[in-house]
Amino acid sequence: MKKLFQGIIDFRQRVYPTCRDKFTELAKGQHPDALFIACSDSRVAPNWFASSDPGDLFVIRNVGNLISPCGTKGLTDGDESELAAVEFAVLNLKVADVIICGHSDCGAMHALIDGASLTEAPHLKSWLRHGKDSLQKLKDHGPLNASEKPVNQLSQLNVLQQMEHMKSYPFIHEKIAKGELKLHGWWFDIAKAAIYSYQADQNKFILIE
Ligand SMILES: [Zn+2]
């Protein structure tokens with residue numbers, strides 16, 4: 001915690017005086033460009049690796065960057081909190097882009113691929129069910145990039161699977177069909193600090209540079 005408190009003090013003393021106007025403007029309301037859905041992993045810091053400022057990204061983070069698919073009556077069968085945030089970003093803030101971002105060496109993907117029993121973490125075990133289709137995809141169709149290790153092969157396919165889950169919601173599907181919303185799949189390689197974007201026409205992740 002010491003590092004955290006020191007960081008807060010440093011921000012107040014050194015950073016804030018240089019961006020006082022920015023925060024005065026931010027206090028009037030938010031108009032983010034995109035909804036960014038990423039893993040809770042502490043090494044994945046979207047505002048940092050995308051050099052974005054406060055106010056630019058509306059962010060949802062959870063274990064494995066998973067989206068619970070649409071169940072009966074157009075409602076989630078998994079996590080109301082997550083879909084509440086998606087609805088708010090898309091319907092109220094009217095973001096034009098939704099980015100789902102996976103990453104290398106993801107603990108959630110490790111747990112899925114290793115078949116971890118997780119008997120002492122029943123909520124985590126239950127939550128990871130939303131990644132089971134990704135695992136099946138890897139078994140049925142193989143990886144997008146065979147040179148990646150299995151956990152990363154799964155992580156990349158998981159991004160595509162979660163994009164499918166997102167599209168299973170009628171309000172998302174309709175927005176995409178009207179051209180009001182675009183869905184993007186990204187993948188972050190931690191060791192290289194490199195971001196890759198999925199290109200459907202090539203069926204692979206291409207380095208953003
Ligand atoms: Zn992760």
# chains A, B, ... in the order shown; residues from 1 in each chain; ligands from 1
>>> residues_near_ligand(ligand="ligand 1", cutoff="12 Å", atoms="only C-alpha atoms and all ligand atoms", output="mmCIF file with N, CA and C atoms, in the first residue's frame")
data_model
loop_
_atom_site.group_PDB
_atom_site.id
_atom_site.type_symbol
_atom_site.label_atom_id
_atom_site.label_comp_id
_atom_site.auth_asym_id
_atom_site.auth_seq_id
_atom_site.Cartn_x
_atom_site.Cartn_y
_atom_site.Cartn_z
ATOM 1 N N ILE A 37 -13.194 -3.600 -22.986
ATOM 2 C CA ILE A 37 -13.412 -4.741 -22.091
ATOM 3 C C ILE A 37 -12.121 -5.559 -22.035
ATOM 4 N N ALA A 38 -11.545 -5.626 -20.848
ATOM 5 C CA ALA A 38 -10.251 -6.292 -20.702
ATOM 6 C C ALA A 38 -10.255 -7.186 -19.467
ATOM 7 N N CYS A 39 -9.171 -7.934 -19.325
ATOM 8 C CA CYS A 39 -9.005 -8.813 -18.162
ATOM 9 C C CYS A 39 -8.626 -7.980 -16.933
ATOM 10 N N SER A 40 -8.943 -8.498 -15.746
ATOM 11 C CA SER A 40 -8.583 -7.809 -14.497
ATOM 12 C C SER A 40 -7.090 -7.867 -14.209
ATOM 13 N N ASP A 41 -6.366 -8.679 -14.942
ATOM 14 C CA ASP A 41 -4.923 -8.861 -14.736
ATOM 15 C C ASP A 41 -4.226 -7.513 -14.528
ATOM 16 N N SER A 42 -3.423 -7.424 -13.468
ATOM 17 C CA SER A 42 -2.791 -6.149 -13.102
ATOM 18 C C SER A 42 -1.801 -5.649 -14.153
ATOM 19 N N ARG A 43 -1.369 -6.550 -15.040
ATOM 20 C CA ARG A 43 -0.379 -6.137 -16.058
ATOM 21 C C ARG A 43 -1.036 -5.523 -17.285
ATOM 22 N N VAL A 44 -2.363 -5.643 -17.358
ATOM 23 C CA VAL A 44 -3.089 -5.102 -18.511
ATOM 24 C C VAL A 44 -3.610 -3.714 -18.122
ATOM 25 N N ALA A 45 -2.988 -2.679 -18.650
ATOM 26 C CA ALA A 45 -3.341 -1.301 -18.273
ATOM 27 C C ALA A 45 -3.699 -0.515 -19.529
ATOM 28 N N ARG A 61 -13.580 -4.470 -16.642
ATOM 29 C CA ARG A 61 -12.541 -5.491 -16.515
ATOM 30 C C ARG A 61 -13.057 -6.633 -15.665
ATOM 31 N N ASN A 62 -12.788 -7.838 -16.106
ATOM 32 C CA ASN A 62 -13.155 -9.006 -15.307
ATOM 33 C C ASN A 62 -12.163 -10.129 -15.601
ATOM 34 N N VAL A 63 -12.259 -11.197 -14.853
ATOM 35 C CA VAL A 63 -11.346 -12.322 -15.027
ATOM 36 C C VAL A 63 -11.557 -12.956 -16.404
ATOM 37 N N GLY A 64 -10.558 -12.862 -17.258
ATOM 38 C CA GLY A 64 -10.603 -13.509 -18.567
ATOM 39 C C GLY A 64 -11.264 -12.711 -19.665
ATOM 40 N N ASN A 65 -11.578 -11.428 -19.397
ATOM 41 C CA ASN A 65 -12.326 -10.595 -20.365
ATOM 42 C C ASN A 65 -13.460 -11.393 -21.026
ATOM 43 N N LEU A 66 -14.309 -11.955 -20.157
ATOM 44 C CA LEU A 66 -15.425 -12.787 -20.624
ATOM 45 C C LEU A 66 -16.711 -11.970 -20.678
ATOM 46 N N CYS A 101 -10.461 -7.040 -25.383
ATOM 47 C CA CYS A 101 -9.006 -7.220 -25.427
ATOM 48 C C CYS A 101 -8.548 -8.360 -24.523
ATOM 49 N N GLY A 102 -7.968 -9.382 -25.140
ATOM 50 C CA GLY A 102 -7.357 -10.474 -24.374
ATOM 51 C C GLY A 102 -5.872 -10.199 -24.197
ATOM 52 N N HIS A 103 -5.177 -11.111 -23.541
ATOM 53 C CA HIS A 103 -3.737 -10.878 -23.345
ATOM 54 C C HIS A 103 -2.984 -12.194 -23.164
ATOM 55 N N SER A 104 -1.663 -12.110 -23.293
ATOM 56 C CA SER A 104 -0.800 -13.288 -23.161
ATOM 57 C C SER A 104 -0.754 -13.759 -21.705
ATOM 58 N N ASP A 105 -0.486 -15.040 -21.538
ATOM 59 C CA ASP A 105 -0.330 -15.646 -20.196
ATOM 60 C C ASP A 105 -1.465 -15.327 -19.243
ATOM 61 N N CYS A 106 -2.683 -15.357 -19.751
ATOM 62 C CA CYS A 106 -3.866 -15.038 -18.934
ATOM 63 C C CYS A 106 -4.150 -16.183 -17.954
ATOM 64 N N GLY A 107 -4.281 -15.844 -16.676
ATOM 65 C CA GLY A 107 -4.536 -16.854 -15.651
ATOM 66 C C GLY A 107 -5.847 -17.594 -15.882
ATOM 67 N N ALA A 108 -6.853 -16.870 -16.389
ATOM 68 C CA ALA A 108 -8.152 -17.497 -16.658
ATOM 69 C C ALA A 108 -8.016 -18.543 -17.757
ATOM 70 N N MET A 109 -7.211 -18.216 -18.779
ATOM 71 C CA MET A 109 -7.012 -19.156 -19.883
ATOM 72 C C MET A 109 -6.197 -20.361 -19.419
ATOM 73 N N HIS A 110 -5.235 -20.100 -18.520
ATOM 74 C CA HIS A 110 -4.469 -21.206 -17.927
ATOM 75 C C HIS A 110 -5.417 -22.159 -17.202
ATOM 76 N N ALA A 111 -6.323 -21.591 -16.396
ATOM 77 C CA ALA A 111 -7.253 -22.419 -15.615
ATOM 78 C C ALA A 111 -8.146 -23.250 -16.531
ATOM 79 N N LEU A 112 -8.582 -22.631 -17.647
ATOM 80 C CA LEU A 112 -9.452 -23.353 -18.584
ATOM 81 C C LEU A 112 -8.697 -24.491 -19.280
ATOM 82 N N LEU A 128 -15.915 -18.953 -15.179
ATOM 83 C CA LEU A 128 -15.093 -19.430 -16.299
ATOM 84 C C LEU A 128 -15.886 -20.277 -17.300
ATOM 85 N N GLY A 131 -15.981 -19.214 -20.805
ATOM 86 C CA GLY A 131 -14.817 -19.432 -21.671
ATOM 87 C C GLY A 131 -14.767 -20.839 -22.236
ATOM 88 N N VAL A 151 -1.755 -21.604 -24.226
ATOM 89 C CA VAL A 151 -2.557 -20.664 -23.433
ATOM 90 C C VAL A 151 -2.845 -19.387 -24.224
ATOM 91 N N ASN A 152 -1.900 -18.987 -25.056
ATOM 92 C CA ASN A 152 -2.105 -17.785 -25.877
ATOM 93 C C ASN A 152 -2.991 -18.084 -27.091
ATOM 94 N N LEU A 154 -5.439 -20.117 -26.963
ATOM 95 C CA LEU A 154 -6.789 -20.078 -26.386
ATOM 96 C C LEU A 154 -7.217 -18.633 -26.145
ATOM 97 N N SER A 155 -6.313 -17.816 -25.637
ATOM 98 C CA SER A 155 -6.636 -16.423 -25.330
ATOM 99 C C SER A 155 -7.071 -15.668 -26.586
ATOM 100 N N GLN A 156 -6.405 -15.938 -27.708
ATOM 101 C CA GLN A 156 -6.769 -15.246 -28.955
ATOM 102 C C GLN A 156 -8.153 -15.710 -29.438
ATOM 103 N N ASN A 158 -10.421 -16.888 -27.588
ATOM 104 C CA ASN A 158 -11.388 -16.415 -26.593
ATOM 105 C C ASN A 158 -11.889 -15.002 -26.922
ATOM 106 N N VAL A 159 -11.015 -14.170 -27.458
ATOM 107 C CA VAL A 159 -11.445 -12.824 -27.862
ATOM 108 C C VAL A 159 -12.565 -12.935 -28.908
ATOM 109 N N TRP A 187 -5.594 -8.059 -28.897
ATOM 110 C CA TRP A 187 -4.839 -8.988 -28.053
ATOM 111 C C TRP A 187 -3.533 -8.330 -27.665
ATOM 112 N N PHE A 188 -3.218 -8.343 -26.369
ATOM 113 C CA PHE A 188 -2.043 -7.656 -25.827
ATOM 114 C C PHE A 188 -0.978 -8.674 -25.447
ATOM 115 N N ASP A 189 0.196 -8.547 -26.070
ATOM 116 C CA ASP A 189 1.337 -9.401 -25.726
ATOM 117 C C ASP A 189 2.154 -8.658 -24.669
ATOM 118 N N ILE A 190 2.108 -9.131 -23.437
ATOM 119 C CA ILE A 190 2.721 -8.399 -22.320
ATOM 120 C C ILE A 190 4.226 -8.229 -22.515
#
>>> closest_atom_pairs(of="region 57-104 of chain A", to="region 169-172 of chain A", cutoff="12 Å", atoms="only C-alpha atoms", output="Markdown table")
| residue | atom | partner | partner_atom | distance |
| --- | --- | --- | --- | --- |
| A:Ile67 | CA | A:Tyr169 | CA | 10.6 |
| A:Ser68 | CA | A:Tyr169 | CA | 10.1 |
| A:Pro69 | CA | A:Tyr169 | CA | 7.5 |
| A:Cys70 | CA | A:Tyr169 | CA | 5.5 |
| A:Gly71 | CA | A:Tyr169 | CA | 8.7 |
| A:Thr72 | CA | A:Tyr169 | CA | 10.4 |
| A:Lys73 | CA | A:Tyr169 | CA | 10.0 |
| A:Gly74 | CA | A:Tyr169 | CA | 6.3 |
| A:Leu75 | CA | A:Tyr169 | CA | 7.9 |
| A:Thr76 | CA | A:Tyr169 | CA | 8.5 |
| A:Asp77 | CA | A:Tyr169 | CA | 11.5 |
| A:Leu83 | CA | A:Tyr169 | CA | 9.6 |
| A:Val86 | CA | A:Ile172 | CA | 9.2 |
| A:Glu87 | CA | A:Phe171 | CA | 8.5 |
| A:Phe88 | CA | A:Phe171 | CA | 11.8 |
| A:Ala89 | CA | A:Ile172 | CA | 11.2 |
| A:Val90 | CA | A:Ile172 | CA | 8.0 |
| A:Leu91 | CA | A:Phe171 | CA | 8.6 |
| A:Lys94 | CA | A:Ile172 | CA | 11.4 |
| A:Val95 | CA | A:Ile172 | CA | 11.5 |
| A:Ala96 | CA | A:Ile172 | CA | 11.2 |
| A:Asp97 | CA | A:Ile172 | CA | 11.0 |
| A:Val98 | CA | A:Ile172 | CA | 10.0 |
>>> closest_residue(among="A:Lys182, A:Lys132, A:Tyr16, A:Gly55", to="Lys28 (chain A)", atoms="only C-alpha atoms")
A:Gly55
>>> select_by_dssp(residues="region 51-112 of chain A", states="strand (DSSP E or B)", output="ChimeraX atom specification")
/A:57-62,70,76,97-103
>>> atom_distance(atom1="CA of Gly29 (chain A)", atom2="CA of Met163 (chain A)")
28.5 Å
>>> residues_around(residues="Leu138 (chain A)", least_positions_apart="5", cutoff="8 Å", atoms="only C-alpha atoms", output="list in words")
Pro143, Gln153, Leu154 and Leu157 of chain A
>>> write_last_selection(atoms="N, CA and C atoms", output="PDB file, in the first residue's frame")
ATOM      1  N   PRO A 143      -5.591 -23.421 -33.620  1.00  0.00           N
ATOM      2  CA  PRO A 143      -5.275 -22.029 -33.297  1.00  0.00           C
ATOM      3  C   PRO A 143      -5.247 -21.112 -34.505  1.00  0.00           C
ATOM      4  N   GLN A 153      -2.878 -19.313 -27.617  1.00  0.00           N
ATOM      5  CA  GLN A 153      -3.777 -19.724 -28.700  1.00  0.00           C
ATOM      6  C   GLN A 153      -5.222 -19.631 -28.205  1.00  0.00           C
ATOM      7  N   LEU A 154      -5.439 -20.117 -26.963  1.00  0.00           N
ATOM      8  CA  LEU A 154      -6.789 -20.078 -26.386  1.00  0.00           C
ATOM      9  C   LEU A 154      -7.217 -18.633 -26.145  1.00  0.00           C
ATOM     10  N   LEU A 157      -8.390 -17.025 -29.395  1.00  0.00           N
ATOM     11  CA  LEU A 157      -9.716 -17.516 -29.813  1.00  0.00           C
ATOM     12  C   LEU A 157     -10.802 -17.054 -28.852  1.00  0.00           C
TER      13      LEU A 157
END
